[in-house]
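Undergrad: Below is run28.txt; it holds compact mmCIF, C-alpha atoms.
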```txt
# COMPACT_ATOMS: atom_id res chain seq x y z
CA MET Y 154 -16.75 -7.83 -11.37
CA SER Y 155 -17.88 -6.46 -14.74
CA GLY Y 156 -20.45 -8.09 -16.99
CA PRO Y 157 -23.14 -10.61 -16.08
CA LEU Y 158 -22.71 -13.05 -13.22
CA LEU Y 159 -24.02 -15.98 -15.28
CA LYS Y 160 -23.84 -16.28 -19.04
CA VAL Y 161 -25.26 -19.23 -20.95
CA GLU Y 162 -24.26 -19.50 -24.61
CA ASN Y 163 -25.82 -21.87 -27.16
CA LEU Y 164 -26.47 -24.54 -24.53
CA ALA Y 165 -27.57 -27.90 -25.94
CA LYS Y 166 -28.27 -31.34 -24.50
CA HIS Y 167 -29.12 -34.43 -26.54
CA PHE Y 168 -29.96 -37.74 -24.88
CA PRO Y 169 -29.25 -40.76 -27.10
CA ILE Y 170 -31.78 -43.58 -27.10
CA GLY Y 171 -30.28 -47.03 -27.51
CA GLY Y 172 -32.12 -49.98 -28.90
CA GLY Y 173 -31.68 -53.41 -30.40
CA PHE Y 174 -29.41 -56.27 -29.47
CA LEU Y 175 -26.20 -54.20 -29.63
CA LYS Y 176 -27.73 -51.17 -27.88
CA ARG Y 177 -26.86 -48.91 -30.78
CA THR Y 178 -28.02 -45.31 -30.71
CA ARG Y 179 -30.99 -45.03 -33.04
CA GLN Y 180 -32.66 -41.80 -31.95
CA VAL Y 181 -31.82 -38.68 -29.98
CA VAL Y 182 -33.97 -36.68 -27.55
CA ARG Y 183 -33.18 -33.01 -28.17
CA ALA Y 184 -34.02 -31.78 -24.67
CA VAL Y 185 -32.25 -28.41 -24.96
CA GLU Y 186 -31.27 -26.71 -28.21
CA GLY Y 187 -29.39 -23.41 -28.57
CA VAL Y 188 -30.38 -21.78 -25.25
CA SER Y 189 -28.65 -18.46 -24.48
CA PHE Y 190 -29.25 -15.90 -21.72
CA SER Y 191 -27.45 -13.98 -18.98
CA VAL Y 192 -28.16 -13.20 -15.32
CA ASP Y 193 -26.84 -10.16 -13.45
CA ALA Y 194 -25.84 -10.07 -9.81
CA GLY Y 195 -28.84 -9.61 -7.52
CA GLU Y 196 -31.33 -10.43 -10.30
CA THR Y 197 -34.11 -13.02 -10.37
CA PHE Y 198 -34.23 -14.63 -13.81
CA CYS Y 199 -37.26 -16.87 -14.31
CA ILE Y 200 -37.68 -19.71 -16.81
CA VAL Y 201 -41.23 -20.82 -17.60
CA GLY Y 202 -42.87 -23.25 -19.98
CA GLU Y 203 -44.93 -26.42 -20.22
CA SER Y 204 -43.81 -29.66 -18.63
CA GLY Y 205 -41.17 -31.29 -20.78
CA CYS Y 206 -39.92 -28.09 -22.42
CA GLY Y 207 -36.42 -28.49 -20.95
CA LYS Y 208 -36.49 -26.16 -17.92
CA SER Y 209 -35.09 -28.63 -15.39
CA THR Y 210 -32.54 -29.90 -17.89
CA VAL Y 211 -31.22 -26.35 -18.26
CA ALA Y 212 -30.93 -26.13 -14.47
CA ARG Y 213 -28.94 -29.36 -14.28
CA LEU Y 214 -26.70 -28.21 -17.12
CA MET Y 215 -25.99 -24.92 -15.34
CA MET Y 216 -24.98 -26.83 -12.21
CA ARG Y 217 -22.98 -29.33 -14.31
CA LEU Y 218 -25.00 -32.17 -12.81
CA THR Y 219 -25.39 -33.20 -16.45
CA ASP Y 220 -22.68 -32.66 -19.05
CA PRO Y 221 -23.85 -30.53 -22.00
CA THR Y 222 -23.72 -31.71 -25.59
CA GLY Y 223 -22.68 -28.24 -26.68
CA GLY Y 224 -22.46 -24.64 -25.55
CA ARG Y 225 -20.93 -22.85 -22.58
CA VAL Y 226 -21.97 -21.92 -19.03
CA LEU Y 227 -19.89 -19.08 -17.62
CA ILE Y 228 -19.98 -18.24 -13.91
CA ASP Y 229 -18.11 -15.01 -13.26
CA GLY Y 230 -16.34 -15.50 -16.59
CA ILE Y 231 -15.31 -19.13 -15.93
CA ASP Y 232 -16.71 -21.80 -18.25
CA ILE Y 233 -17.79 -24.63 -15.94
CA ALA Y 234 -18.76 -26.83 -18.88
CA GLY Y 235 -15.07 -27.40 -19.59
CA LEU Y 236 -13.75 -27.71 -16.04
CA LYS Y 237 -12.07 -30.85 -14.75
CA LYS Y 238 -13.34 -32.67 -11.68
CA HIS Y 239 -11.15 -30.90 -9.10
CA GLU Y 240 -11.76 -27.51 -10.73
CA LEU Y 241 -15.51 -28.10 -10.82
CA ARG Y 242 -15.49 -28.90 -7.09
CA ALA Y 243 -14.05 -25.46 -6.32
CA SER Y 244 -16.70 -23.77 -8.46
CA ARG Y 245 -19.47 -25.31 -6.34
CA ARG Y 246 -18.95 -22.56 -3.78
CA ARG Y 247 -20.19 -19.98 -6.30
CA MET Y 248 -23.50 -21.69 -7.08
CA GLN Y 249 -26.00 -23.87 -5.29
CA MET Y 250 -29.36 -25.43 -6.09
CA VAL Y 251 -32.69 -25.91 -4.33
CA PHE Y 252 -34.62 -28.88 -5.69
CA GLN Y 253 -38.34 -29.33 -6.21
CA ASP Y 254 -38.83 -32.13 -3.68
CA PRO Y 255 -37.02 -31.21 -0.46
CA TYR Y 256 -37.62 -34.58 1.16
CA SER Y 257 -35.88 -36.58 -1.56
CA SER Y 258 -32.96 -34.11 -1.74
CA LEU Y 259 -32.24 -34.22 2.02
CA ASN Y 260 -30.40 -37.07 3.75
CA PRO Y 261 -33.03 -38.66 6.03
CA ARG Y 262 -30.36 -39.92 8.46
CA LEU Y 263 -28.81 -36.52 9.16
CA THR Y 264 -30.18 -33.85 11.47
CA ALA Y 265 -30.97 -30.38 10.18
CA GLY Y 266 -27.74 -29.04 11.66
CA GLN Y 267 -25.66 -31.71 9.95
CA ILE Y 268 -27.42 -31.11 6.62
CA ILE Y 269 -26.66 -27.38 6.76
CA THR Y 270 -22.99 -27.70 7.74
CA GLU Y 271 -22.15 -30.66 5.47
CA PRO Y 272 -21.45 -28.48 2.36
CA VAL Y 273 -19.05 -26.27 4.34
CA GLU Y 274 -17.20 -29.26 5.77
CA ASN Y 275 -16.54 -30.46 2.24
CA PHE Y 276 -14.15 -27.50 1.90
CA GLU Y 277 -12.94 -26.72 5.44
CA ARG Y 278 -12.89 -28.21 8.91
CA LEU Y 279 -15.27 -26.89 11.54
CA SER Y 280 -15.21 -27.34 15.28
CA GLY Y 281 -18.32 -28.39 17.16
CA ARG Y 282 -19.02 -24.81 18.24
CA GLN Y 283 -18.54 -23.49 14.71
CA ARG Y 284 -20.96 -26.06 13.30
CA GLN Y 285 -23.56 -25.21 15.91
CA ALA Y 286 -23.17 -21.45 15.40
CA LEU Y 287 -23.38 -21.77 11.60
CA ALA Y 288 -26.49 -23.96 11.73
CA ALA Y 289 -28.22 -21.64 14.22
CA ASP Y 290 -27.42 -18.54 12.13
CA LEU Y 291 -28.71 -20.04 8.87
CA LEU Y 292 -31.84 -21.42 10.49
CA LYS Y 293 -32.60 -17.91 11.79
CA LYS Y 294 -32.09 -16.46 8.30
CA VAL Y 295 -34.73 -18.77 6.85
CA GLY Y 296 -37.18 -18.10 9.67
CA MET Y 297 -36.69 -21.27 11.73
CA SER Y 298 -35.82 -21.75 15.39
CA PRO Y 299 -32.20 -22.80 16.15
CA GLU Y 300 -33.62 -25.67 18.22
CA MET Y 301 -34.72 -27.27 14.93
CA MET Y 302 -31.10 -28.21 14.17
CA HIS Y 303 -31.50 -31.43 16.16
CA ARG Y 304 -34.54 -32.66 14.18
CA LEU Y 305 -34.57 -35.07 11.28
CA PRO Y 306 -36.23 -34.13 7.95
CA SER Y 307 -38.99 -36.65 8.67
CA GLU Y 308 -39.92 -34.63 11.77
CA MET Y 309 -40.56 -31.45 9.74
CA SER Y 310 -43.39 -30.18 7.58
CA GLY Y 311 -43.02 -29.59 3.85
CA GLY Y 312 -42.46 -25.87 4.31
CA GLN Y 313 -39.84 -26.45 7.00
CA ARG Y 314 -37.99 -28.94 4.78
CA GLN Y 315 -37.97 -26.45 1.93
CA ARG Y 316 -36.58 -23.78 4.26
CA LEU Y 317 -33.94 -26.28 5.34
CA GLY Y 318 -33.01 -26.83 1.68
CA ILE Y 319 -32.63 -23.07 1.22
CA ALA Y 320 -30.50 -22.83 4.37
CA ARG Y 321 -28.23 -25.58 3.03
CA ALA Y 322 -27.88 -23.71 -0.27
CA LEU Y 323 -26.87 -20.52 1.57
CA ALA Y 324 -24.23 -22.23 3.74
CA LEU Y 325 -21.41 -21.59 1.24
CA ASN Y 326 -22.39 -17.95 0.59
CA PRO Y 327 -23.01 -18.55 -3.14
CA MET Y 328 -23.35 -15.81 -5.72
CA LEU Y 329 -26.05 -17.75 -7.60
CA VAL Y 330 -28.83 -20.06 -6.43
CA ILE Y 331 -30.88 -22.13 -8.90
CA LEU Y 332 -34.39 -22.96 -7.70
CA ASP Y 333 -36.06 -25.73 -9.68
CA GLU Y 334 -39.82 -25.69 -8.96
CA ALA Y 335 -38.92 -24.85 -5.36
CA VAL Y 336 -42.47 -23.98 -4.25
CA SER Y 337 -44.67 -26.02 -6.60
CA ALA Y 338 -45.26 -28.81 -4.05
CA LEU Y 339 -46.19 -26.47 -1.19
CA ASP Y 340 -49.50 -25.07 0.03
CA VAL Y 341 -50.37 -21.57 -1.15
CA SER Y 342 -49.78 -20.02 2.27
CA VAL Y 343 -46.39 -21.73 2.58
CA GLN Y 344 -45.55 -20.71 -1.00
CA ALA Y 345 -46.05 -17.05 -0.08
CA GLN Y 346 -43.79 -17.43 2.96
CA ILE Y 347 -41.00 -19.04 0.92
CA LEU Y 348 -41.26 -16.45 -1.87
CA ASN Y 349 -41.13 -13.54 0.56
CA LEU Y 350 -38.19 -15.22 2.29
CA LEU Y 351 -36.29 -15.49 -0.99
CA MET Y 352 -36.93 -11.83 -1.80
CA ASP Y 353 -35.75 -10.75 1.65
CA LEU Y 354 -32.59 -12.87 1.38
CA GLN Y 355 -31.86 -11.40 -2.03
CA GLN Y 356 -32.06 -7.87 -0.64
CA GLN Y 357 -29.87 -8.75 2.35
CA LEU Y 358 -27.22 -10.86 0.60
CA GLY Y 359 -27.36 -9.70 -3.04
CA ILE Y 360 -27.81 -13.24 -4.37
CA ALA Y 361 -28.88 -13.89 -7.95
CA PHE Y 362 -31.67 -16.43 -8.49
CA VAL Y 363 -32.54 -18.56 -11.50
CA PHE Y 364 -36.15 -19.43 -10.68
CA ILE Y 365 -37.72 -22.25 -12.71
CA SER Y 366 -41.49 -22.63 -12.54
CA HIS Y 367 -44.67 -23.32 -14.51
CA ASP Y 368 -46.76 -21.08 -12.22
CA LEU Y 369 -47.03 -17.68 -13.92
CA GLY Y 370 -48.53 -16.08 -10.81
CA VAL Y 371 -45.43 -16.96 -8.79
CA VAL Y 372 -43.14 -15.76 -11.58
CA GLU Y 373 -44.95 -12.44 -11.85
CA HIS Y 374 -44.51 -11.95 -8.10
CA ILE Y 375 -40.80 -12.72 -7.80
CA GLY Y 376 -39.20 -12.24 -11.22
CA HIS Y 377 -37.19 -9.43 -12.77
CA ARG Y 378 -36.83 -10.99 -16.21
CA VAL Y 379 -38.59 -14.01 -17.72
CA ALA Y 380 -37.58 -16.50 -20.42
CA VAL Y 381 -40.31 -18.60 -22.06
CA MET Y 382 -39.23 -22.03 -23.33
CA TYR Y 383 -40.93 -24.28 -25.83
CA LEU Y 384 -39.59 -27.68 -26.90
CA GLY Y 385 -36.03 -26.99 -25.74
CA ARG Y 386 -35.71 -23.48 -27.14
CA ILE Y 387 -36.28 -19.99 -25.74
CA VAL Y 388 -39.01 -18.22 -27.69
CA GLU Y 389 -39.21 -14.96 -25.72
CA VAL Y 390 -37.15 -13.13 -23.08
CA ALA Y 391 -38.50 -9.92 -21.54
CA PRO Y 392 -38.66 -7.87 -18.35
CA CYS Y 393 -41.35 -9.33 -16.11
CA GLU Y 394 -43.74 -6.37 -16.23
CA ALA Y 395 -43.41 -6.00 -20.00
CA LEU Y 396 -44.03 -9.70 -20.61
CA PHE Y 397 -47.27 -9.85 -18.63
CA ALA Y 398 -48.47 -6.47 -19.87
CA GLY Y 399 -47.99 -7.31 -23.55
CA PRO Y 400 -46.63 -10.71 -24.64
CA VAL Y 401 -45.36 -10.83 -28.22
CA HIS Y 402 -44.79 -14.49 -29.06
CA PRO Y 403 -48.05 -16.41 -29.72
CA TYR Y 404 -46.99 -19.15 -27.30
CA THR Y 405 -46.42 -16.60 -24.52
CA GLU Y 406 -49.87 -15.19 -25.22
CA ALA Y 407 -51.38 -18.66 -24.93
CA LEU Y 408 -49.64 -19.32 -21.60
CA ILE Y 409 -50.85 -16.08 -20.06
CA ALA Y 410 -54.38 -16.51 -21.42
CA ALA Y 411 -54.56 -20.01 -19.93
CA SER Y 412 -53.30 -18.94 -16.51
CA PRO Y 413 -56.02 -19.45 -13.84
CA VAL Y 414 -57.43 -16.39 -12.10
CA PRO Y 415 -59.02 -16.68 -8.61
CA ASP Y 416 -61.97 -14.47 -9.54
CA PRO Y 417 -65.19 -16.15 -10.75
CA THR Y 418 -66.64 -12.87 -11.98
CA ARG Y 419 -63.92 -12.35 -14.60
CA VAL Y 420 -64.18 -13.94 -18.01
CA ARG Y 421 -61.43 -16.41 -18.80
CA LEU Y 422 -60.12 -16.62 -22.32
CA GLU Y 423 -59.41 -19.99 -23.83
CA ALA Y 424 -56.09 -19.98 -25.61
CA PRO Y 425 -56.58 -20.71 -29.33
CA VAL Y 426 -53.80 -23.32 -29.23
CA GLN Y 427 -54.77 -26.87 -30.09
CA GLY Y 428 -52.91 -30.13 -30.30
CA GLU Y 429 -50.12 -31.62 -28.20
CA VAL Y 430 -46.52 -30.60 -27.72
CA PRO Y 431 -44.43 -32.32 -30.44
CA SER Y 432 -41.93 -34.99 -29.48
CA PRO Y 433 -38.34 -33.80 -28.92
CA ILE Y 434 -37.24 -37.02 -30.62
CA ASN Y 435 -38.78 -35.87 -33.92
CA PRO Y 436 -39.31 -32.09 -33.66
CA PRO Y 437 -41.15 -30.23 -36.43
CA THR Y 438 -39.21 -28.49 -39.15
CA GLY Y 439 -38.91 -24.73 -38.93
CA CYS Y 440 -40.44 -23.10 -35.86
CA ALA Y 441 -41.29 -25.81 -33.35
CA PHE Y 442 -44.53 -24.02 -32.44
CA HIS Y 443 -45.89 -23.72 -35.99
CA PRO Y 444 -48.15 -26.85 -35.86
CA ARG Y 445 -50.13 -25.21 -33.02
CA CYS Y 446 -49.71 -21.54 -33.92
CA PRO Y 447 -52.73 -19.60 -35.30
CA LEU Y 448 -50.36 -17.16 -37.05
CA ALA Y 449 -48.14 -19.73 -38.80
CA GLN Y 450 -46.97 -18.90 -42.31
CA ASP Y 451 -45.07 -20.87 -44.93
CA ARG Y 452 -41.79 -19.44 -43.71
CA CYS Y 453 -42.49 -20.75 -40.20
CA ARG Y 454 -42.61 -24.31 -41.51
CA VAL Y 455 -39.16 -24.06 -43.10
CA GLU Y 456 -36.91 -21.71 -41.11
CA ILE Y 457 -36.06 -21.69 -37.40
CA PRO Y 458 -36.63 -18.11 -36.18
CA PRO Y 459 -33.69 -16.49 -34.35
CA LEU Y 460 -34.06 -14.45 -31.17
CA VAL Y 461 -34.48 -10.86 -32.33
CA SER Y 462 -33.86 -8.02 -29.88
CA MET Y 463 -36.56 -5.35 -29.63
CA ALA Y 464 -36.45 -1.76 -28.53
CA ASP Y 465 -38.32 -2.44 -25.27
CA GLY Y 466 -35.58 -4.74 -23.96
CA ARG Y 467 -37.11 -8.07 -24.96
CA ALA Y 468 -36.02 -10.71 -27.47
CA VAL Y 469 -38.51 -12.77 -29.47
CA ALA Y 470 -38.13 -15.72 -31.84
CA CYS Y 471 -41.06 -15.34 -34.23
CA HIS Y 472 -41.12 -14.79 -38.00
CA VAL Y 473 -44.48 -13.00 -37.80
CA ARG Y 474 -44.17 -10.83 -34.71
CA ALA Y 475 -40.40 -10.21 -34.82
CA PRO Y 476 -38.95 -10.98 -38.26
CA ALA Y 477 -35.20 -10.55 -38.58
CA PRO Y 478 -34.18 -7.94 -41.20
CA ASP Y 479 -31.55 -10.29 -42.66
CA MET Y 480 -32.09 -14.01 -42.23
CA SER Y 481 -29.52 -15.18 -44.78
CA ALA Y 482 -26.65 -15.41 -42.30
CA SER Y 483 -28.53 -16.24 -39.13
CA THR Y 484 -31.28 -18.70 -40.00
CA THR Y 485 -30.60 -22.38 -39.44
CA SER Y 486 -32.46 -24.80 -41.64
CA ALA Y 487 -34.83 -26.97 -39.66
CA ALA Y 488 -34.05 -29.98 -41.81
CA THR Y 489 -30.73 -30.42 -39.96
CA TYR Y 490 -30.02 -30.17 -36.23
CA PRO Y 491 -26.29 -29.64 -35.52
CA ASP Y 492 -24.74 -30.93 -32.30
CA GLU Y 493 -24.00 -27.33 -31.32
CA ALA Y 494 -26.77 -24.89 -32.14
CA ALA Y 495 -25.91 -21.67 -33.91
CA ALA Y 496 -25.68 -18.52 -31.83
CA PRO Y 497 -28.90 -16.49 -31.77
CA THR Y 498 -28.89 -13.41 -33.92
CA GLU Y 499 -29.76 -10.27 -32.00
CA ASN Y 500 -31.16 -7.84 -34.52
CA VAL Y 501 -33.11 -4.90 -33.22
CA VAL Y 502 -36.76 -4.37 -34.09
CA SER Y 503 -38.19 -0.97 -33.21
CA SER Y 504 -41.60 -2.19 -32.08
CA PRO Y 505 -43.48 -5.49 -32.10
CA VAL Y 506 -46.62 -3.73 -33.34
CA ALA Y 507 -44.85 -2.37 -36.41
CA TRP Y 508 -44.33 -5.87 -37.75
CA LEU Y 509 -47.93 -7.05 -37.50
CA THR Y 510 -49.28 -8.01 -40.88
CA SER Y 511 -52.79 -7.23 -42.08
CA ALA Y 512 -53.62 -10.95 -41.98
CA GLU Y 513 -52.48 -11.15 -38.37
CA GLN Y 514 -54.47 -8.08 -37.34
CA SER Y 515 -57.64 -9.90 -38.37
CA ILE Y 516 -56.98 -12.54 -35.71
CA PRO Y 517 -58.38 -11.65 -32.29
CA ASP Y 518 -55.82 -10.51 -29.73
CA LEU Y 519 -55.50 -13.08 -26.95
CA ASN Y 520 -55.10 -10.38 -24.32
CA ARG Y 521 -58.24 -8.35 -25.05
CA ARG Y 522 -61.89 -9.09 -25.74
CA GLU Y 523 -64.93 -7.07 -26.72
CA LYS Y 524 -67.89 -6.91 -24.38
CA ASP Y 525 -71.43 -6.92 -25.79
CA ASP Y 526 -71.68 -3.15 -25.31
CA GLY Y 527 -68.38 -2.54 -27.12
CA GLU Y 528 -66.25 -1.78 -24.07
CA THR Y 529 -62.86 -3.44 -24.00
CA PHE Y 530 -61.13 -4.84 -20.99
CA SER Y 531 -57.91 -6.73 -20.32
CA ALA Y 532 -57.97 -10.48 -20.22
CA PRO Y 533 -57.28 -12.07 -16.86
CA ARG Y 534 -53.84 -13.42 -16.11
```
Show how you would write the structure in this file as structure tokens.
TA:
Amino acid sequence: MSGPLLKVENLAKHFPIGGGFLKRTRQVVRAVEGVSFSVDAGETFCIVGESGCGKSTVARLMMRLTDPTGGRVLIDGIDIAGLKKHELRASRRRMQMVFQDPYSSLNPRLTAGQIITEPVENFERLSGRQRQALAADLLKKVGMSPEMMHRLPSEMSGGQRQRLGIARALALNPMLVILDEAVSALDVSVQAQILNLLMDLQQQLGIAFVFISHDLGVVEHIGHRVAVMYLGRIVEVAPCEALFAGPVHPYTEALIAASPVPDPTRVRLEAPVQGEVPSPINPPTGCAFHPRCPLAQDRCRVEIPPLVSMADGRAVACHVRAPAPDMSASTTSAATYPDEAAAPTENVVSSPVAWLTSAEQSIPDLNRREKDDGETFSAPR
């Protein structure tokens, strides 16, 4: 196989809101707008952002649990967004999903062994010995005893149920597993066990993960590349180390600055971002982040910034930090929102620092702070 395992192109999802006596559509919730990225085999691609930014909607669109309004989702070159019902069923073997709440996603009336083997039996018949051998093997892979196959989900702890959900996702030997907030409801010690388990399974089986989370500490631990979403759009995509070492987009800076650090001796920086996230029903014109951005300019209030590729392997959508050399053909006016968002322009910027304006340089960097004696030190993450 050549090229990326997963490729998402201009993905969009609008939810109509009906009202009145005739239930006519009066407004539209623009949950996802023009999202594009790719995931290679054996890679962990993380998606982060505030609650309500569209992360889980993107996950459901990739799995075709929700039909997209526009765009394409290609798995191994096959666009699942356009597949018919019987064709979509066959594609389920290539991708699986682990949900945030394992208890609500598991059938409470089935034993662990039945839950694990049920996906396989949707495609082929298994004998009693084959079912037992498959369940025992997968339970061992996720660090559980084979004797657990006879227990119900209600007889397990939260960590055991999450491991059971992972075992079910691995039953069909998928190439891609989407994990939607898979560890957010677990204790810290159990979180570490699940994360280490996922990393070990990736090394053994070569699986690609799309890991969705709002916990930057978890993302920094497990991710290879990170996409930052804000109000349905991706504002920055970068290798994990580069993103945490030097974020470019102001919203990414604010997220990292606001991330809690378990060290009371270190000074925490308060992100200079005020106000609430705008409503996706009536998003702001231009850059969606401009009402809260300390670097906003007049251009930001009018034009939607495209994702601009940079020399260090990242892509940023910001008129100030990563202005596109030619916006005439790539900029979409914020006054209109088409059903299918325009493809992001990937112009190359040599360095994010080269585009900093003198006005921006006067604003304090969110990642550094001066001590009283003049010594500088990195802000906690």
Undergrad: May I have the residues within 6 Å of Pro157 (chain Y) as a VMD selection string, using only C-alpha atoms and disregarding those fewer than 2 positions away in the same chain?
TA: chain Y and resid 159 192 to 193
Undergrad: Taking the point (-41.7, -24.7, -44.7) as given in the file, collect each protein or nucleic acid residue that comes within 12 Å of it, counting all atoms listed in the file, and present the set as a list in words.
TA: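 Every polymer residue passing the test: Pro437, Thr438, Gly439, Cys440, Ala441, His443, Pro444, Ala449, Gln450, Asp451, Arg452, Cys453, Arg454, Val455, Glu456, Ile457, Pro458, His472, Ser486, Ala487 and Ala488 of chain Y.
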Undergrad: Excluding region 335-341 of chain Y and residues on its chain fewer than 6 positions from it, collect all residues at most 9 Å away from it, counting all atoms listed in the file, and give them as a short mmCIF file (atom, residue, chain, number, x, y, z; two decimals) with C-alpha atoms, in the frame of the given file.
TA:
```cif
data_model
loop_
_atom_site.label_atom_id
_atom_site.label_comp_id
_atom_site.auth_asym_id
_atom_site.auth_seq_id
_atom_site.Cartn_x
_atom_site.Cartn_y
_atom_site.Cartn_z
CA VAL Y 251 -32.69 -25.91 -4.33
CA PHE Y 252 -34.62 -28.88 -5.69
CA GLN Y 253 -38.34 -29.33 -6.21
CA ASP Y 254 -38.83 -32.13 -3.68
CA PRO Y 255 -37.02 -31.21 -0.46
CA GLY Y 311 -43.02 -29.59 3.85
CA GLY Y 312 -42.46 -25.87 4.31
CA GLN Y 315 -37.97 -26.45 1.93
CA ILE Y 347 -41.00 -19.04 0.92
CA LEU Y 348 -41.26 -16.45 -1.87
CA PHE Y 364 -36.15 -19.43 -10.68
CA ILE Y 365 -37.72 -22.25 -12.71
CA SER Y 366 -41.49 -22.63 -12.54
CA HIS Y 367 -44.67 -23.32 -14.51
CA ASP Y 368 -46.76 -21.08 -12.22
CA VAL Y 371 -45.43 -16.96 -8.79
#
```
Undergrad: Return the single residue from Y:Val430, Y:Leu218, Y:Ala212, Y:Thr197 that is closest to Arg378 (chain Y), with distances computed using only C-alpha atoms.
TA: Y:Thr197
Undergrad: With only C-alpha atoms as the basis for distance, which of Y:Ala398, Y:Glu389, Y:Phe362, Y:Pro415 is at the shortest distance from Glu196 (chain Y)?
TA: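 The shortest atom-to-atom distance to Glu196 (chain Y) comes from Y:Phe362.
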Undergrad: Which residues are near Tyr383 (chain Y)? Cut-off 6 Å, only C-alpha atoms, ignore same chain within fewer than 2 positions. Put them as an MDAnalysis selection string.
TA: chainID Y and resid 206 385:386
Undergrad: For those residues, write C-alpha atoms to a file as a PDB file, keeping the file's coordinate frame.
TA:
```pdb
ATOM      1  CA  CYS Y 206     -39.920 -28.090 -22.420  1.00  0.00           C
ATOM      2  CA  GLY Y 385     -36.030 -26.990 -25.740  1.00  0.00           C
ATOM      3  CA  ARG Y 386     -35.710 -23.480 -27.140  1.00  0.00           C
TER       4      ARG Y 386
END
```
Undergrad: Rounded to one decimal in Å, what is the spacing between CA of Ala380 (chain Y) and CA of Cys199 (chain Y)?
TA: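 Taking CA of Ala380 (chain Y) and CA of Cys199 (chain Y), their separation equals 6.1 Å.
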Undergrad: Could you please determine the separation between CA of Phe190 (chain Y) and CA of Val473 (chain Y) in Å, to one decimal place?
TA: 22.3 Å
Undergrad: Which residues are close to region 230-242 of chain Y, i.e. within 9 Å by all atoms listed in the file, leaving aside same-chain residues fewer than 6 positions away? Reply as number ranges by chain.
TA: Y: 156-160, 214-217, 220-221, 223-224
Undergrad: In terms of the shortest atom-to-atom distance over all atoms listed in the file, which of Y:His167, Y:Arg262, Y:Arg282, Y:Arg321 is closest to Pro306 (chain Y)?
TA: Y:Arg262
Undergrad: For the atom pair CA of Leu227 (chain Y) and CA of Val379 (chain Y), what is the interatomic distance in Å to one decimal place?
TA: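 Atom-to-atom, CA of Leu227 (chain Y) to CA of Val379 (chain Y), that is 19.4 Å.
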Undergrad: Counting all atoms listed in the file, which residues come within 12 Å of (-52.4, -25.2, -25.4), with the point read in the file's coordinates, and could you list them as a list of chain:residue names?
TA: Y:Gly202, Y:Glu203, Y:Ser204, Y:Tyr383, Y:Pro403, Y:Tyr404, Y:Thr405, Y:Glu406, Y:Ala407, Y:Leu408, Y:Ile409, Y:Ala410, Y:Ala411, Y:Ser412, Y:Leu422, Y:Glu423, Y:Ala424, Y:Pro425, Y:Val426, Y:Gln427, Y:Gly428, Y:Glu429, Y:Val430, Y:Pro431, Y:Phe442, Y:Pro444, Y:Arg445, Y:Cys446, Y:Pro447
Undergrad: Could you take the residues named above and write them with C-alpha atoms, as a CSV table (one decimal), keeping the file's coordinate frame?
TA:
```csv
chain,number,residue,atom,x,y,z
Y,202,GLY,CA,-42.9,-23.2,-20.0
Y,203,GLU,CA,-44.9,-26.4,-20.2
Y,204,SER,CA,-43.8,-29.7,-18.6
Y,383,TYR,CA,-40.9,-24.3,-25.8
Y,403,PRO,CA,-48.0,-16.4,-29.7
Y,404,TYR,CA,-47.0,-19.2,-27.3
Y,405,THR,CA,-46.4,-16.6,-24.5
Y,406,GLU,CA,-49.9,-15.2,-25.2
Y,407,ALA,CA,-51.4,-18.7,-24.9
Y,408,LEU,CA,-49.6,-19.3,-21.6
Y,409,ILE,CA,-50.8,-16.1,-20.1
Y,410,ALA,CA,-54.4,-16.5,-21.4
Y,411,ALA,CA,-54.6,-20.0,-19.9
Y,412,SER,CA,-53.3,-18.9,-16.5
Y,422,LEU,CA,-60.1,-16.6,-22.3
Y,423,GLU,CA,-59.4,-20.0,-23.8
Y,424,ALA,CA,-56.1,-20.0,-25.6
Y,425,PRO,CA,-56.6,-20.7,-29.3
Y,426,VAL,CA,-53.8,-23.3,-29.2
Y,427,GLN,CA,-54.8,-26.9,-30.1
Y,428,GLY,CA,-52.9,-30.1,-30.3
Y,429,GLU,CA,-50.1,-31.6,-28.2
Y,430,VAL,CA,-46.5,-30.6,-27.7
Y,431,PRO,CA,-44.4,-32.3,-30.4
Y,442,PHE,CA,-44.5,-24.0,-32.4
Y,444,PRO,CA,-48.2,-26.8,-35.9
Y,445,ARG,CA,-50.1,-25.2,-33.0
Y,446,CYS,CA,-49.7,-21.5,-33.9
Y,447,PRO,CA,-52.7,-19.6,-35.3
```
Undergrad: If we count all atoms listed in the file, what is near region 349-355 of chain Y at a cut-off of 9 Å, once residues fewer than 5 positions away on the same chain are taken out, given as an MDAnalysis selection string?
TA: chainID Y and resid 195:197 294:296 316 319 344 360:362 375
Undergrad: Generate a file of the selected residues that holds C-alpha atoms, formatted as a PDB file, in the coordinates of the input.
TA:
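Output below, filename again-v5.pdb:
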```
ATOM      1  CA  GLY Y 195     -28.840  -9.610  -7.520  1.00  0.00           C
ATOM      2  CA  GLU Y 196     -31.330 -10.430 -10.300  1.00  0.00           C
ATOM      3  CA  THR Y 197     -34.110 -13.020 -10.370  1.00  0.00           C
ATOM      4  CA  LYS Y 294     -32.090 -16.460   8.300  1.00  0.00           C
ATOM      5  CA  VAL Y 295     -34.730 -18.770   6.850  1.00  0.00           C
ATOM      6  CA  GLY Y 296     -37.180 -18.100   9.670  1.00  0.00           C
ATOM      7  CA  ARG Y 316     -36.580 -23.780   4.260  1.00  0.00           C
ATOM      8  CA  ILE Y 319     -32.630 -23.070   1.220  1.00  0.00           C
ATOM      9  CA  GLN Y 344     -45.550 -20.710  -1.000  1.00  0.00           C
ATOM     10  CA  ILE Y 360     -27.810 -13.240  -4.370  1.00  0.00           C
ATOM     11  CA  ALA Y 361     -28.880 -13.890  -7.950  1.00  0.00           C
ATOM     12  CA  PHE Y 362     -31.670 -16.430  -8.490  1.00  0.00           C
ATOM     13  CA  ILE Y 375     -40.800 -12.720  -7.800  1.00  0.00           C
TER      14      ILE Y 375
END
```
